[in-house]
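See below for the structure under consideration.
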Amino acid sequence: MLTRLVMTGAVLLAQVVLADANKVPVQADVVLASRKPGPVDPSLVSMQSTLGARVKYLSLKKVSTQRLELSTAPSKVALPNAKSAELTLVGIKDNVAQVKVKVPPVDTTYSLGKDKSLFVQAGAHEGDDLWVVLSQPK
Amino acid sequence: MKNPAREKFEPLLSPYVDGELTPEERQQVERHLDNNPESAAQVADFRAADALMRHALEMQSDDVDWKGFTDEVMGKLTPDKLPFFDRLALSLREMFTWQRGTLVAGFAGAAAAVAIAIPLTMKLATPDGYGGSRVRVQTVSVTDTEAKVKPVVMETEGGDAVIWVVDEKKRPDGGRHADEEEELNVAPAKKQGEL
């Protein structure tokens with residue numbers, strides 16, 4: 001009886017592990033960026049610098065952070081402006097994953113980079129700019 | 001003159017000295033010895049003879065070399081060593097006879113470990129999708145045709161990428177937001193097309 005239970009458990013665990021094999025983890029942060037003076041989240045200082053090439057944001061606040069396991073089924077990220085971003089794994093080639101990102105009204109397909117981020121402007125919210133930041137989970 | 005009590009107890013005296021009587025018999029003999037000096041003297045003689053014999057044996061044993069005695073005895077007890085495969089077969093037979101439960105559980109555990117280890121190894125060998133050294137934007141398009149916006153892609157030297165959504169009226173005619181800095185490494189993306 002115990003033997004059967006152990007074997008069944010092992011097979012189930014193996015199935016769970018294999019099921020995860022075609023998923024890619026992505027960290028999705030929603031950031032509210034403002035040109036008005038205000039605090040900058042310490043984890044967003046590098047983002048402020050990157051975006052600073054074009055716009056000087058004086059305040060950056062992380063609205064939400066979630067870790068997604070991307071697969072061919074779309075994963076949604078809710079935005080505070082009642083919209084949502086949608087992420088789908090297109091495929092993996094040579095260990096580089098291609099991901100489709102829908103942040104209305106823009107659709108993007110991009111390939112992931114190790115420890116790199118994609119910043120997508122996601123509309124306005126309460127007079128400030130919303131950004132979706134996609135990066136490799138820490 | 002015959003002593004019936006002595007006649008009755010005489011056969012018990014030697015076993016008494018040797019400690020072979022039951023507690024009840026021993027008490028009866030001791031009561032008899034208290035009242036019969038002749039039997040008591042005989043018991044004393046027995047004990048003296050015993051002591052003499054023990055002493056003589058001890059003296060004899062001191063002269064004997066006991067070194068290797070145990071090995072010699074065990075050597076006589078242990079049969080000749082069986083051939084390897086016979087010993088193996090015997091061990092397996094004994095294990096399957098007396099430790100069947102433990103063996104089955106062991107095999108089941110090993111099978112479970114293999115069942116977990118193989119997919120886990122496959123998973124570890126599976127690429128994580130982050131093989132690229134930088135983020136590369138492959139396509140970008142505006143899906144809402146009514147939206148008067150235009151995506152602008154910027155790939156930084158550090159390997160990140162930024163997708164700005166700008167008002168179409170301001171691009172590409174050179175109009176800029178008051179807060180916008182000088183644009184570096186910015187390439188306007190094609191609308192509804194591949195980069």
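Letters for chains follow the order of the structure tokens (A, B, ...), residue numbers begin at 1 for each chain, and ligand numbers begin at 1 in the order shown.
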Using DSSP on the backbone coordinates, identify all residues within segment 111-162 of chain B classified as alpha helix (DSSP H); present the result as a PyMOL selection string. chain B and resi 111-125
Mind checking which residues fall within 9 Å of segment 23-39 of chain B, counting only C-alpha atoms, ignoring those fewer than 6 positions away in the same chain, and posting them as number ranges by chain? B: 5-6, 9-10, 12-13, 16
Skipping near chain neighbours, those fewer than 6 positions away, what residues fall within 7 Å of segment 21-26 of chain A using only C-alpha atoms, listed as a PyMOL selection string? (chain A and resi 67-71+134-137) or (chain B and resi 123+126+128-129)
Residues as selected, C-alpha atoms, written as an mmCIF file, in the first residue's frame, can you do that?
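out39.cif, freshly written:
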data_model
loop_
_atom_site.group_PDB
_atom_site.id
_atom_site.type_symbol
_atom_site.label_atom_id
_atom_site.label_comp_id
_atom_site.auth_asym_id
_atom_site.auth_seq_id
_atom_site.Cartn_x
_atom_site.Cartn_y
_atom_site.Cartn_z
ATOM 1 C CA ARG A 67 5.973 36.898 -11.218
ATOM 2 C CA LEU A 68 4.414 35.253 -14.225
ATOM 3 C CA GLU A 69 5.079 31.873 -15.749
ATOM 4 C CA LEU A 70 4.638 32.648 -19.417
ATOM 5 C CA SER A 71 3.232 29.974 -21.678
ATOM 6 C CA LEU A 134 9.275 43.143 -17.896
ATOM 7 C CA SER A 135 12.451 41.572 -16.625
ATOM 8 C CA GLN A 136 14.067 38.340 -15.492
ATOM 9 C CA PRO A 137 12.853 37.440 -11.984
ATOM 10 C CA LYS B 123 13.932 20.423 -16.511
ATOM 11 C CA THR B 126 15.708 22.895 -20.369
ATOM 12 C CA ASP B 128 15.155 29.145 -19.259
ATOM 13 C CA GLY B 129 14.605 31.502 -22.181
#
I'd like the interatomic distance between atom CA of Lys102 of chain A and atom CA of Asp115 of chain A, to a tenth of an Å. 21.6 Å
Enter the distance from atom CA of Ser64 of chain A to atom CA of Thr143 of chain B, in Å, rounded to one decimal. 25.4 Å
Where in segment 4-192 of chain B does DSSP assign strand (DSSP E), given as an MDAnalysis selection string? chainID B and resid 136:142 149:155 161:167 186:188
I'd like the contact shell of Glu126 of chain A - 12 Å cut-off, only C-alpha atoms, skipping same-chain residues fewer than 5 positions apart - returned as an mmCIF file with N, CA, C and O atoms, in the first residue's frame.
data_model
loop_
_atom_site.group_PDB
_atom_site.id
_atom_site.type_symbol
_atom_site.label_atom_id
_atom_site.label_comp_id
_atom_site.auth_asym_id
_atom_site.auth_seq_id
_atom_site.Cartn_x
_atom_site.Cartn_y
_atom_site.Cartn_z
ATOM 1 N N LEU A 32 4.253 53.722 -11.860
ATOM 2 C CA LEU A 32 3.633 55.019 -12.150
ATOM 3 C C LEU A 32 4.745 56.068 -12.112
ATOM 4 O O LEU A 32 5.397 56.255 -11.082
ATOM 5 N N ALA A 33 4.954 56.703 -13.261
ATOM 6 C CA ALA A 33 6.054 57.676 -13.370
ATOM 7 C C ALA A 33 5.467 59.074 -13.522
ATOM 8 O O ALA A 33 4.539 59.287 -14.301
ATOM 9 N N SER A 34 6.017 59.993 -12.770
ATOM 10 C CA SER A 34 5.487 61.355 -12.792
ATOM 11 C C SER A 34 6.602 62.365 -13.032
ATOM 12 O O SER A 34 7.744 62.172 -12.601
ATOM 13 N N PRO A 80 -3.703 50.009 -13.321
ATOM 14 C CA PRO A 80 -4.614 50.830 -12.504
ATOM 15 C C PRO A 80 -5.556 51.698 -13.333
ATOM 16 O O PRO A 80 -6.544 52.204 -12.811
ATOM 17 N N ASN A 81 -5.291 51.845 -14.649
ATOM 18 C CA ASN A 81 -6.177 52.651 -15.493
ATOM 19 C C ASN A 81 -7.280 51.797 -16.133
ATOM 20 O O ASN A 81 -7.786 52.109 -17.198
ATOM 21 N N ALA A 82 -7.595 50.699 -15.462
ATOM 22 C CA ALA A 82 -8.680 49.789 -15.871
ATOM 23 C C ALA A 82 -8.358 49.003 -17.137
ATOM 24 O O ALA A 82 -9.216 48.301 -17.647
#
Kindly indicate which residue among B:Asp167, B:Ile116, B:Glu155, B:Gln60 lies nearest to chain A, using only C-alpha atoms for the distances.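 Comparing B:Asp167, B:Ile116, B:Glu155, B:Gln60 against chain A, the winner is B:Ile116.
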Applying 12 Å and only C-alpha atoms, which residues near Lys93 of chain A remain after dropping the ones on its own chain fewer than 4 positions away? List them as a PyMOL selection string. (chain A and resi 22+89+97-99+111-112) or (chain B and resi 126-132)
Please report the interatomic distance between atom CA of Leu103 of chain B and atom CA of Pro119 of chain B in Å with one decimal.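 One can read the atom CA of Leu103 of chain B to atom CA of Pro119 of chain B distance as 25.1 Å.
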Using only C-alpha atoms for the distances, tell me which of A:Leu87, A:Leu130, A:Val120, A:Val77 is nearest to chain B. A:Val120
Which residue is closest to chain B? Choose from A:Val63, A:Leu58, A:Ala73, A:Ala78 and count only C-alpha atoms.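 That would be A:Leu58, the residue with the smallest distance to chain B.
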